[in-house]
$ cat protein_13.pdb   # PDB, C-alpha atoms
ATOM      1  CA  MET A   1     124.876 118.622  96.839
ATOM      2  CA  LEU A   2     122.797 120.973  98.964
ATOM      3  CA  THR A   3     121.184 123.957  97.266
ATOM      4  CA  THR A   4     118.391 126.369  98.127
ATOM      5  CA  ASP A   5     116.495 125.059  95.095
ATOM      6  CA  TYR A   6     114.579 122.704  97.359
ATOM      7  CA  VAL A   7     112.857 119.593  96.097
ATOM      8  CA  PRO A   8     111.088 116.856  98.083
ATOM      9  CA  GLY A   9     113.373 114.842 100.322
ATOM     10  CA  THR A  10     116.219 117.348 100.455
ATOM     11  CA  PRO A  11     117.280 119.203 103.636
ATOM     12  CA  ASN A  12     115.556 122.599 103.686
ATOM     13  CA  TRP A  13     115.668 123.683 107.343
ATOM     14  CA  LEU A  14     117.801 123.176 110.419
ATOM     15  CA  ASP A  15     117.130 124.227 113.977
ATOM     16  CA  LEU A  16     118.590 123.824 117.424
ATOM     17  CA  GLY A  17     116.601 122.975 120.510
ATOM     18  CA  ALA A  18     118.478 124.566 123.389
ATOM     19  CA  PRO A  19     117.913 124.713 127.165
ATOM     20  CA  ASP A  20     119.287 128.281 127.110
ATOM     21  CA  VAL A  21     118.848 130.085 123.798
ATOM     22  CA  ASP A  22     120.920 133.080 124.871
ATOM     23  CA  ALA A  23     123.852 130.813 125.761
ATOM     24  CA  ALA A  24     123.501 128.989 122.426
ATOM     25  CA  VAL A  25     123.486 132.291 120.552
ATOM     26  CA  ALA A  26     126.649 133.382 122.360
ATOM     27  CA  PHE A  27     128.402 130.100 121.533
ATOM     28  CA  TYR A  28     127.510 129.903 117.836
ATOM     29  CA  SER A  29     128.093 133.610 117.311
ATOM     30  CA  ALA A  30     131.619 133.189 118.676
ATOM     31  CA  VAL A  31     132.309 130.059 116.610
ATOM     32  CA  PHE A  32     130.691 130.951 113.262
ATOM     33  CA  GLY A  33     130.125 134.697 113.444
ATOM     34  CA  TRP A  34     126.356 134.242 113.235
ATOM     35  CA  SER A  35     123.913 136.910 114.335
ATOM     36  CA  PHE A  36     120.500 136.079 115.807
ATOM     37  CA  GLU A  37     117.168 137.568 114.785
ATOM     38  CA  SER A  38     114.122 136.861 116.974
ATOM     39  CA  ALA A  39     111.021 135.596 115.200
ATOM     40  CA  GLY A  40     108.970 137.879 117.416
ATOM     41  CA  PRO A  41     107.192 137.726 120.781
ATOM     42  CA  GLN A  42     104.609 135.300 119.420
ATOM     43  CA  ALA A  43     107.325 132.741 118.547
ATOM     44  CA  GLY A  44     108.147 131.753 122.136
ATOM     45  CA  GLY A  45     111.851 132.534 121.962
ATOM     46  CA  TYR A  46     112.433 131.017 118.517
ATOM     47  CA  GLY A  47     114.621 132.906 116.089
ATOM     48  CA  PHE A  48     117.029 132.760 113.196
ATOM     49  CA  PHE A  49     120.803 132.473 112.955
ATOM     50  CA  GLN A  50     121.938 134.681 110.093
ATOM     51  CA  ILE A  51     124.927 135.753 108.029
ATOM     52  CA  ASP A  52     124.547 139.162 106.380
ATOM     53  CA  GLY A  53     120.815 139.064 107.084
ATOM     54  CA  ARG A  54     120.266 135.678 105.424
ATOM     55  CA  THR A  55     119.060 132.719 107.472
ATOM     56  CA  VAL A  56     121.504 129.814 107.856
ATOM     57  CA  ALA A  57     119.824 127.970 110.787
ATOM     58  CA  ALA A  58     117.402 128.596 113.638
ATOM     59  CA  ALA A  59     117.134 128.006 117.369
ATOM     60  CA  GLY A  60     114.508 127.903 120.071
ATOM     61  CA  PRO A  61     113.891 126.582 123.575
ATOM     62  CA  LEU A  62     113.307 122.876 124.152
ATOM     63  CA  THR A  63     109.590 122.169 124.053
ATOM     64  CA  GLU A  64     109.350 118.413 124.666
ATOM     65  CA  GLU A  65     109.553 117.108 128.235
ATOM     66  CA  GLY A  66     112.836 115.328 128.841
ATOM     67  CA  ALA A  67     114.287 116.379 125.488
ATOM     68  CA  ALA A  68     118.036 116.807 125.161
ATOM     69  CA  SER A  69     119.640 119.658 123.272
ATOM     70  CA  ALA A  70     120.055 118.699 119.626
ATOM     71  CA  TRP A  71     120.045 119.945 116.066
ATOM     72  CA  THR A  72     117.020 118.826 114.025
ATOM     73  CA  ALA A  73     117.276 118.305 110.290
ATOM     74  CA  TYR A  74     114.132 119.122 108.289
ATOM     75  CA  PHE A  75     113.441 117.695 104.844
ATOM     76  CA  HIS A  76     111.313 119.292 102.159
ATOM     77  CA  THR A  77     107.821 117.961 101.621
ATOM     78  CA  ARG A  78     104.957 119.177  99.483
ATOM     79  CA  ASP A  79     102.441 117.628 101.913
ATOM     80  CA  ALA A  80     103.357 117.256 105.596
ATOM     81  CA  ASP A  81     100.173 115.321 106.335
ATOM     82  CA  ALA A  82     100.866 112.769 103.617
ATOM     83  CA  THR A  83     104.447 112.407 104.854
ATOM     84  CA  ALA A  84     103.181 111.767 108.389
ATOM     85  CA  LYS A  85     101.051 108.907 107.069
ATOM     86  CA  ALA A  86     104.025 107.541 105.111
ATOM     87  CA  VAL A  87     106.198 107.664 108.237
ATOM     88  CA  GLU A  88     103.679 105.634 110.233
ATOM     89  CA  GLN A  89     103.171 103.139 107.412
ATOM     90  CA  ALA A  90     106.952 102.641 107.198
ATOM     91  CA  GLY A  91     107.264 101.942 110.925
ATOM     92  CA  GLY A  92     108.211 105.372 112.271
ATOM     93  CA  SER A  93     106.343 107.474 114.802
ATOM     94  CA  VAL A  94     104.927 110.999 114.819
ATOM     95  CA  ARG A  95     106.355 113.187 117.618
ATOM     96  CA  VAL A  96     104.699 116.422 116.494
ATOM     97  CA  GLU A  97     101.541 116.247 114.409
ATOM     98  CA  PRO A  98     101.486 118.325 111.205
ATOM     99  CA  GLY A  99     100.652 121.927 111.969
ATOM    100  CA  ASP A 100     100.896 125.408 110.514
ATOM    101  CA  VAL A 101     103.608 127.814 111.642
ATOM    102  CA  PHE A 102     101.708 131.063 111.188
ATOM    103  CA  THR A 103     101.849 131.718 107.413
ATOM    104  CA  ALA A 104     105.448 130.520 107.009
ATOM    105  CA  GLY A 105     104.697 126.879 106.292
ATOM    106  CA  ARG A 106     103.651 123.582 107.817
ATOM    107  CA  LEU A 107     105.840 121.237 109.840
ATOM    108  CA  ALA A 108     105.760 117.828 111.433
ATOM    109  CA  ALA A 109     108.349 115.963 113.493
ATOM    110  CA  PHE A 110     109.039 112.231 113.589
ATOM    111  CA  THR A 111     111.217 109.453 114.937
ATOM    112  CA  ASP A 112     112.474 106.785 112.562
ATOM    113  CA  PRO A 113     112.293 103.067 113.492
ATOM    114  CA  THR A 114     115.891 103.108 114.760
ATOM    115  CA  GLY A 115     115.238 106.023 117.143
ATOM    116  CA  ALA A 116     116.558 109.033 115.197
ATOM    117  CA  ASP A 117     114.501 112.236 115.312
ATOM    118  CA  PHE A 118     113.906 114.333 112.189
ATOM    119  CA  ALA A 119     111.286 116.683 110.791
ATOM    120  CA  VAL A 120     109.744 117.956 107.566
ATOM    121  CA  TRP A 121     108.984 121.453 106.346
ATOM    122  CA  GLN A 122     106.228 122.213 103.840
ATOM    123  CA  PRO A 123     107.052 125.725 102.607
ATOM    124  CA  ARG A 124     104.617 128.555 102.184
ATOM    125  CA  GLU A 125     105.976 132.047 102.766
ATOM    126  CA  THR A 126     109.279 130.661 104.078
ATOM    127  CA  GLY A 127     110.918 128.391 101.545
ATOM    128  CA  GLY A 128     113.780 127.232 103.733
ATOM    129  CA  LEU A 129     117.318 128.178 104.654
ATOM    130  CA  GLU A 130     118.596 131.071 102.585
ATOM    131  CA  ARG A 131     122.282 130.150 102.490
ATOM    132  CA  VAL A 132     123.906 126.708 102.296
ATOM    133  CA  MET A 133     127.192 125.337 100.913
ATOM    134  CA  GLU A 134     129.062 128.488 101.934
ATOM    135  CA  PRO A 135     131.547 129.050 104.757
ATOM    136  CA  ASN A 136     129.855 128.632 108.162
ATOM    137  CA  THR A 137     126.636 127.240 106.684
ATOM    138  CA  LEU A 138     125.050 123.811 106.366
ATOM    139  CA  CYS A 139     126.715 121.618 103.764
ATOM    140  CA  TRP A 140     125.765 118.032 104.708
ATOM    141  CA  THR A 141     123.422 116.042 106.940
ATOM    142  CA  GLU A 142     124.413 112.688 108.389
ATOM    143  CA  LEU A 143     122.663 109.865 110.197
ATOM    144  CA  TYR A 144     124.446 107.623 112.664
ATOM    145  CA  THR A 145     122.096 104.679 113.093
ATOM    146  CA  THR A 146     121.828 101.521 115.152
ATOM    147  CA  ASP A 147     120.428  99.661 112.123
ATOM    148  CA  ALA A 148     121.559 100.910 108.717
ATOM    149  CA  ALA A 149     119.476  98.423 106.732
ATOM    150  CA  ALA A 150     116.261  99.350 108.559
ATOM    151  CA  ALA A 151     117.000 103.069 108.272
ATOM    152  CA  LYS A 152     117.694 102.867 104.548
ATOM    153  CA  ASP A 153     114.466 100.991 103.929
ATOM    154  CA  PHE A 154     112.451 103.457 106.029
ATOM    155  CA  TYR A 155     113.722 106.612 104.339
ATOM    156  CA  ARG A 156     113.415 104.997 100.925
ATOM    157  CA  GLN A 157     109.721 104.458 101.620
ATOM    158  CA  VAL A 158     109.157 107.954 103.036
ATOM    159  CA  PHE A 159     111.302 110.106 100.723
ATOM    160  CA  SER A 160     112.188 107.762  97.824
ATOM    161  CA  TRP A 161     115.868 108.193  98.667
ATOM    162  CA  SER A 162     118.502 106.230  96.807
ATOM    163  CA  TYR A 163     121.915 105.274  98.197
ATOM    164  CA  GLN A 164     125.433 104.860  96.928
ATOM    165  CA  ASP A 165     127.334 102.536  99.249
ATOM    166  CA  MET A 166     131.012 103.307  99.750
ATOM    167  CA  PRO A 167     133.250 100.805 101.645
ATOM    168  CA  MET A 168     135.250 102.408 104.461
ATOM    169  CA  GLY A 169     137.465  99.457 105.331
ATOM    170  CA  GLY A 170     136.631  96.361 107.301
ATOM    171  CA  ASP A 171     132.872  95.867 107.424
ATOM    172  CA  MET A 172     132.091  99.593 107.567
ATOM    173  CA  VAL A 173     130.039 101.118 104.748
ATOM    174  CA  TYR A 174     129.091 104.773 104.227
ATOM    175  CA  SER A 175     125.896 105.323 102.231
ATOM    176  CA  VAL A 176     125.582 108.599 100.319
ATOM    177  CA  ILE A 177     121.954 109.774 100.152
ATOM    178  CA  SER A 178     120.278 111.273  97.085
ATOM    179  CA  SER A 179     116.700 112.427  96.510
ATOM    180  CA  PRO A 180     114.842 111.939  93.227
ATOM    181  CA  GLY A 181     115.395 115.678  92.722
ATOM    182  CA  GLY A 182     112.244 116.501  90.851
ATOM    183  CA  GLY A 183     113.753 115.271  87.615
ATOM    184  CA  ARG A 184     117.339 116.327  88.322
ATOM    185  CA  THR A 185     119.920 113.728  87.339
ATOM    186  CA  ASP A 186     123.083 115.563  88.427
ATOM    187  CA  ASP A 187     122.675 115.317  92.223
ATOM    188  CA  PRO A 188     125.910 113.915  93.729
ATOM    189  CA  GLY A 189     124.377 113.502  97.170
ATOM    190  CA  GLN A 190     122.882 115.525 100.001
ATOM    191  CA  GLY A 191     123.965 113.566 103.053
ATOM    192  CA  GLY A 192     125.155 110.283 104.432
ATOM    193  CA  LEU A 193     124.073 107.319 106.524
ATOM    194  CA  MET A 194     126.327 105.051 108.562
ATOM    195  CA  GLN A 195     125.920 102.068 110.869
ATOM    196  CA  LEU A 196     127.184 102.788 114.382
ATOM    197  CA  PRO A 197     130.176 100.537 115.149
ATOM    198  CA  LYS A 198     129.689  97.728 117.647
ATOM    199  CA  GLU A 199     131.823  99.468 120.253
ATOM    200  CA  ASN A 200     129.599 102.555 120.054
ATOM    201  CA  LEU A 201     126.481 100.436 120.443
ATOM    202  CA  ALA A 202     128.035  98.696 123.453
ATOM    203  CA  ALA A 203     128.724 102.119 124.948
ATOM    204  CA  GLY A 204     125.068 103.087 124.578
ATOM    205  CA  SER A 205     125.174 105.262 121.439
ATOM    206  CA  THR A 206     121.781 105.873 119.857
ATOM    207  CA  SER A 207     120.617 106.870 116.389
ATOM    208  CA  GLU A 208     120.913 110.570 115.578
ATOM    209  CA  TRP A 209     120.997 113.065 112.743
ATOM    210  CA  HIS A 210     123.623 115.783 112.932
ATOM    211  CA  PRO A 211     124.648 118.654 110.649
ATOM    212  CA  TYR A 212     127.976 119.425 109.019
ATOM    213  CA  PHE A 213     128.945 123.060 108.672
ATOM    214  CA  GLY A 214     131.428 123.982 105.954
ATOM    215  CA  VAL A 215     134.379 126.025 107.199
ATOM    216  CA  LEU A 216     137.441 127.663 105.698
ATOM    217  CA  ASP A 217     139.775 126.260 108.377
ATOM    218  CA  CYS A 218     138.670 123.147 110.250
ATOM    219  CA  ASP A 219     141.395 123.368 112.895
ATOM    220  CA  ALA A 220     140.792 127.037 113.668
ATOM    221  CA  THR A 221     137.008 126.634 113.922
ATOM    222  CA  TYR A 222     137.418 123.495 116.025
ATOM    223  CA  ALA A 223     139.743 125.390 118.353
ATOM    224  CA  ALA A 224     137.226 128.228 118.605
ATOM    225  CA  ALA A 225     134.437 125.767 119.480
ATOM    226  CA  VAL A 226     136.511 124.003 122.144
ATOM    227  CA  GLY A 227     137.590 127.373 123.505
ATOM    228  CA  GLN A 228     133.921 128.279 123.919
ATOM    229  CA  GLY A 229     133.165 125.113 125.876
ATOM    230  CA  ALA A 230     132.478 122.438 123.233
ATOM    231  CA  THR A 231     133.192 118.780 124.038
ATOM    232  CA  VAL A 232     135.424 116.872 121.618
ATOM    233  CA  LEU A 233     133.929 113.877 119.804
ATOM    234  CA  ILE A 234     136.343 113.633 116.861
ATOM    235  CA  PRO A 235     139.420 115.913 116.691
ATOM    236  CA  PRO A 236     140.398 117.340 113.282
ATOM    237  CA  ALA A 237     141.470 114.594 110.882
ATOM    238  CA  ASP A 238     141.929 114.183 107.153
ATOM    239  CA  ALA A 239     139.478 111.930 105.309
ATOM    240  CA  PRO A 240     140.962 110.979 101.912
ATOM    241  CA  GLY A 241     138.803 112.217  99.058
ATOM    242  CA  VAL A 242     136.527 114.074 101.471
ATOM    243  CA  GLY A 243     138.385 116.805 103.306
ATOM    244  CA  ARG A 244     139.384 117.658 106.852
ATOM    245  CA  LEU A 245     136.685 117.189 109.454
ATOM    246  CA  ALA A 246     135.978 117.271 113.164
ATOM    247  CA  MET A 247     132.974 116.669 115.412
ATOM    248  CA  VAL A 248     132.048 118.241 118.747
ATOM    249  CA  LYS A 249     129.140 118.736 121.116
ATOM    250  CA  ASP A 250     128.185 122.292 121.960
ATOM    251  CA  PRO A 251     128.159 123.250 125.666
ATOM    252  CA  ALA A 252     124.555 122.057 126.015
ATOM    253  CA  GLY A 253     125.298 118.695 124.376
ATOM    254  CA  ALA A 254     124.115 119.127 120.769
ATOM    255  CA  PRO A 255     126.487 117.364 118.327
ATOM    256  CA  PHE A 256     127.619 118.913 115.053
ATOM    257  CA  ALA A 257     130.494 118.490 112.637
ATOM    258  CA  LEU A 258     132.882 120.770 110.771
ATOM    259  CA  ILE A 259     134.365 120.132 107.363
ATOM    260  CA  LYS A 260     136.821 121.829 105.067
ATOM    261  CA  GLY A 261     136.746 120.218 101.667
ATOM    262  CA  ASP A 262     134.281 118.335  99.540
ATOM    263  CA  PRO A 263     131.448 116.883 101.636
ATOM    264  CA  ASN A 264     130.074 114.941  98.675
ATOM    265  CA  MET A 265     132.986 112.516  98.388
ATOM    266  CA  THR A 266     133.098 112.768  94.597
TER     267      THR A 266
END

$ encode --input "protein_13.pdb" --output "structure tokens"
Amino acid sequence: MLTTDYVPGTPNWLDLGAPDVDAAVAFYSAVFGWSFESAGPQAGGYGFFQIDGRTVAAAGPLTEEGAASAWTAYFHTRDADATAKAVEQAGGSVRVEPGDVFTAGRLAAFTDPTGADFAVWQPRETGGLERVMEPNTLCWTELYTTDAAAAKDFYRQVFSWSYQDMPMGGDMVYSVISSPGGGRTDDPGQGGLMQLPKENLAAGSTSEWHPYFGVLDCDATYAAAVGQGATVLIPPADAPGVGRLAMVKDPAGAPFALIKGDPNMT
């Protein structure tokens, strides 16, 4: 389960690359009630989504040529440079070389061998998100991948993740992700990994990480998102033993999911 007691391999930051930050702020403020705090003139438009003054996510303008709007999941590392080497050794690629973000910390961004983008955050003055597992905050990260076996092997090498495979019917399997936890033995999972179905692959779907935000009412939040211009990917539906969930793309095309219930499938 996500906490702000971050250990290596666990999600500790989340940000949105947007073609129009002001439009993104208006959308997410209307859907989740978030406020937005600029990181300052030196940050190039980057800033923080907050609830009651506590950071729950971040957003900034797209910086890579040809990049599409998307949420990026960051995972905790104690050494971004060492993680970059591990990524390359495991068959991934480095999109953004490790670098300092003022005095806040050090980041690097990567692409896994199946094509999914992700990043790492090495904390210094900024440890990570300040609120998770609360209404309208991050509660789960999920990878849709074109090659589940390759993805599992890659992230096992980079982060020492372990997986609990859960049959979903037919030949579909959902793999719950856990980190070593720095000695913790009570971690029921921090995210999930799933092979894209054949029909999605035939339609051109590619590997991607996306966030789940916990909500008090999945249907009401879904309706608010659609009312603000979101595109429907999965309408609200009950998942036995999990909760009620939905998935949309924001008006700029960044996918995210909503869930009311237990995201850890325990």

$ atom_distance --input "protein_13.pdb" --atom1 "CA of Thr221 in chain A" --atom2 "CA of Gly253 in chain A"
17.6 Å

$ atom_distance --input "protein_13.pdb" --atom1 "CA of Ala39 in chain A" --atom2 "CA of Glu64 in chain A"
19.7 Å

$ closest_residue --input "protein_13.pdb" --among "A:Ala67, A:Leu16, A:Met172, A:Ala30" --to "Val226 in chain A" --atoms "only C-alpha atoms"
A:Ala30

$ resolve_selection --input "protein_13.pdb" --expression "the PyMOL selection byres ((chain A and resi 247) around 10)" --output "PyMOL selection string"
chain A and resi 210-212+222+230-237+245-246+248-250+255-259

$ closest_atom_pairs --input "protein_13.pdb" --of "range 10-54 of chain A" --to "range 109-130 of chain A" --cutoff "8 Å" --atoms "only C-alpha atoms" --output "JSON lines"
{"residue": "A:Asn12", "atom": "CA", "partner": "A:Gly128", "partner_atom": "CA", "distance": 5.0}
{"residue": "A:Trp13", "atom": "CA", "partner": "A:Gly128", "partner_atom": "CA", "distance": 5.4}
{"residue": "A:Leu14", "atom": "CA", "partner": "A:Leu129", "partner_atom": "CA", "distance": 7.6}
{"residue": "A:Arg54", "atom": "CA", "partner": "A:Glu130", "partner_atom": "CA", "distance": 5.7}

$ resolve_selection --input "protein_13.pdb" --expression "the PyMOL selection byres ((chain A and resi 70) around 7)" --output "ChimeraX atom specification"
/A:16-17,68-69,71-72,254-255

$ resolve_selection --input "protein_13.pdb" --expression "the PyMOL selection byres ((chain A and resi 99) around 10)" --output "ChimeraX atom specification"
/A:80-81,96-98,100-102,105-109,122

$ closest_residue --input "protein_13.pdb" --among "A:Gly45, A:Gly191, A:Gly170, A:Gly33" --to "Pro61 in chain A" --atoms "all atoms listed in the file"
A:Gly45

$ atom_distance --input "protein_13.pdb" --atom1 "CA of Trp140 in chain A" --atom2 "CA of Gly91 in chain A"
25.3 Å

$ residues_around --input "protein_13.pdb" --residues "Leu2 in chain A" --least-positions-apart "4" --cutoff "7 Å" --atoms "all atoms listed in the file" --output "PyMOL selection string"
chain A and resi 132-133+139+190

$ residues_around --input "protein_13.pdb" --residues "range 141-151 of chain A" --least-positions-apart "3" --cutoff "6 Å" --atoms "only C-alpha atoms" --output "ChimeraX atom specification"
/A:154,191-196,207-211

$ axis_aligned_box --input "protein_13.pdb" --around "range 207-210 of chain A" --padding-each-side "5 Å" --output "AutoDock Vina command-line options"
--center_x 122.1 --center_y 111.3 --center_z 114.6 --size_x 13.0 --size_y 18.9 --size_z 13.6

$ closest_residue --input "protein_13.pdb" --among "A:Ile51, A:Val173, A:Gly40, A:Phe27" --to "Ala225 in chain A" --atoms "all atoms listed in the file"
A:Phe27

$ closest_residue --input "protein_13.pdb" --among "A:Thr10, A:Thr77, A:Thr63, A:Ser178" --to "Gln164 in chain A" --atoms "only C-alpha atoms"
A:Ser178

$ closest_residue --input "protein_13.pdb" --among "A:Ala82, A:Val7, A:Glu65, A:Trp34" --to "Pro180 in chain A" --atoms "only C-alpha atoms"
A:Val7

$ decode --input "protein_13.pdb" --residues "range 234-253 of chain A" --atoms "N, CA and C atoms" --output "PDB file, in the first residue's frame"
ATOM      1  N   ILE A 234     -12.823   3.703 -19.796  1.00  0.00           N
ATOM      2  CA  ILE A 234     -13.585   2.652 -19.122  1.00  0.00           C
ATOM      3  C   ILE A 234     -14.628   3.338 -18.246  1.00  0.00           C
ATOM      4  N   PRO A 235     -15.923   3.165 -18.509  1.00  0.00           N
ATOM      5  CA  PRO A 235     -16.943   3.778 -17.653  1.00  0.00           C
ATOM      6  C   PRO A 235     -16.958   3.100 -16.290  1.00  0.00           C
ATOM      7  N   PRO A 236     -17.566   3.715 -15.278  1.00  0.00           N
ATOM      8  CA  PRO A 236     -17.574   3.127 -13.939  1.00  0.00           C
ATOM      9  C   PRO A 236     -18.096   1.691 -13.954  1.00  0.00           C
ATOM     10  N   ALA A 237     -17.368   0.819 -13.265  1.00  0.00           N
ATOM     11  CA  ALA A 237     -17.734  -0.596 -13.189  1.00  0.00           C
ATOM     12  C   ALA A 237     -17.217  -1.163 -11.885  1.00  0.00           C
ATOM     13  N   ASP A 238     -17.910  -2.165 -11.377  1.00  0.00           N
ATOM     14  CA  ASP A 238     -17.487  -2.834 -10.153  1.00  0.00           C
ATOM     15  C   ASP A 238     -16.491  -3.929 -10.477  1.00  0.00           C
ATOM     16  N   ALA A 239     -15.399  -3.982  -9.729  1.00  0.00           N
ATOM     17  CA  ALA A 239     -14.406  -5.046  -9.836  1.00  0.00           C
ATOM     18  C   ALA A 239     -14.456  -5.831  -8.532  1.00  0.00           C
ATOM     19  N   PRO A 240     -14.957  -7.053  -8.534  1.00  0.00           N
ATOM     20  CA  PRO A 240     -15.115  -7.823  -7.300  1.00  0.00           C
ATOM     21  C   PRO A 240     -13.826  -7.903  -6.497  1.00  0.00           C
ATOM     22  N   GLY A 241     -13.915  -7.584  -5.218  1.00  0.00           N
ATOM     23  CA  GLY A 241     -12.761  -7.632  -4.339  1.00  0.00           C
ATOM     24  C   GLY A 241     -11.824  -6.459  -4.485  1.00  0.00           C
ATOM     25  N   VAL A 242     -12.151  -5.520  -5.366  1.00  0.00           N
ATOM     26  CA  VAL A 242     -11.280  -4.373  -5.617  1.00  0.00           C
ATOM     27  C   VAL A 242     -11.997  -3.076  -5.285  1.00  0.00           C
ATOM     28  N   GLY A 243     -13.119  -2.845  -5.930  1.00  0.00           N
ATOM     29  CA  GLY A 243     -13.867  -1.621  -5.719  1.00  0.00           C
ATOM     30  C   GLY A 243     -14.564  -1.214  -6.998  1.00  0.00           C
ATOM     31  N   ARG A 244     -14.932   0.026  -7.088  1.00  0.00           N
ATOM     32  CA  ARG A 244     -15.576   0.562  -8.292  1.00  0.00           C
ATOM     33  C   ARG A 244     -14.580   1.497  -8.960  1.00  0.00           C
ATOM     34  N   LEU A 245     -14.358   1.294 -10.250  1.00  0.00           N
ATOM     35  CA  LEU A 245     -13.308   2.042 -10.926  1.00  0.00           C
ATOM     36  C   LEU A 245     -13.758   2.535 -12.295  1.00  0.00           C
ATOM     37  N   ALA A 246     -13.036   3.504 -12.793  1.00  0.00           N
ATOM     38  CA  ALA A 246     -13.254   4.051 -14.125  1.00  0.00           C
ATOM     39  C   ALA A 246     -11.931   4.593 -14.633  1.00  0.00           C
ATOM     40  N   MET A 247     -11.824   4.760 -15.959  1.00  0.00           N
ATOM     41  CA  MET A 247     -10.607   5.321 -16.538  1.00  0.00           C
ATOM     42  C   MET A 247     -10.987   6.296 -17.644  1.00  0.00           C
ATOM     43  N   VAL A 248     -10.282   7.430 -17.676  1.00  0.00           N
ATOM     44  CA  VAL A 248     -10.539   8.463 -18.677  1.00  0.00           C
ATOM     45  C   VAL A 248      -9.210   9.040 -19.162  1.00  0.00           C
ATOM     46  N   LYS A 249      -9.308   9.845 -20.222  1.00  0.00           N
ATOM     47  CA  LYS A 249      -8.200  10.697 -20.638  1.00  0.00           C
ATOM     48  C   LYS A 249      -8.616  12.135 -20.389  1.00  0.00           C
ATOM     49  N   ASP A 250      -7.705  12.927 -19.829  1.00  0.00           N
ATOM     50  CA  ASP A 250      -8.036  14.335 -19.632  1.00  0.00           C
ATOM     51  C   ASP A 250      -8.131  15.029 -20.999  1.00  0.00           C
ATOM     52  N   PRO A 251      -8.586  16.280 -21.051  1.00  0.00           N
ATOM     53  CA  PRO A 251      -8.796  16.923 -22.348  1.00  0.00           C
ATOM     54  C   PRO A 251      -7.563  16.995 -23.242  1.00  0.00           C
ATOM     55  N   ALA A 252      -6.379  16.904 -22.658  1.00  0.00           N
ATOM     56  CA  ALA A 252      -5.148  16.926 -23.456  1.00  0.00           C
ATOM     57  C   ALA A 252      -4.667  15.528 -23.825  1.00  0.00           C
ATOM     58  N   GLY A 253      -5.342  14.492 -23.307  1.00  0.00           N
ATOM     59  CA  GLY A 253      -5.007  13.123 -23.690  1.00  0.00           C
ATOM     60  C   GLY A 253      -4.268  12.298 -22.671  1.00  0.00           C
TER      61      GLY A 253
END
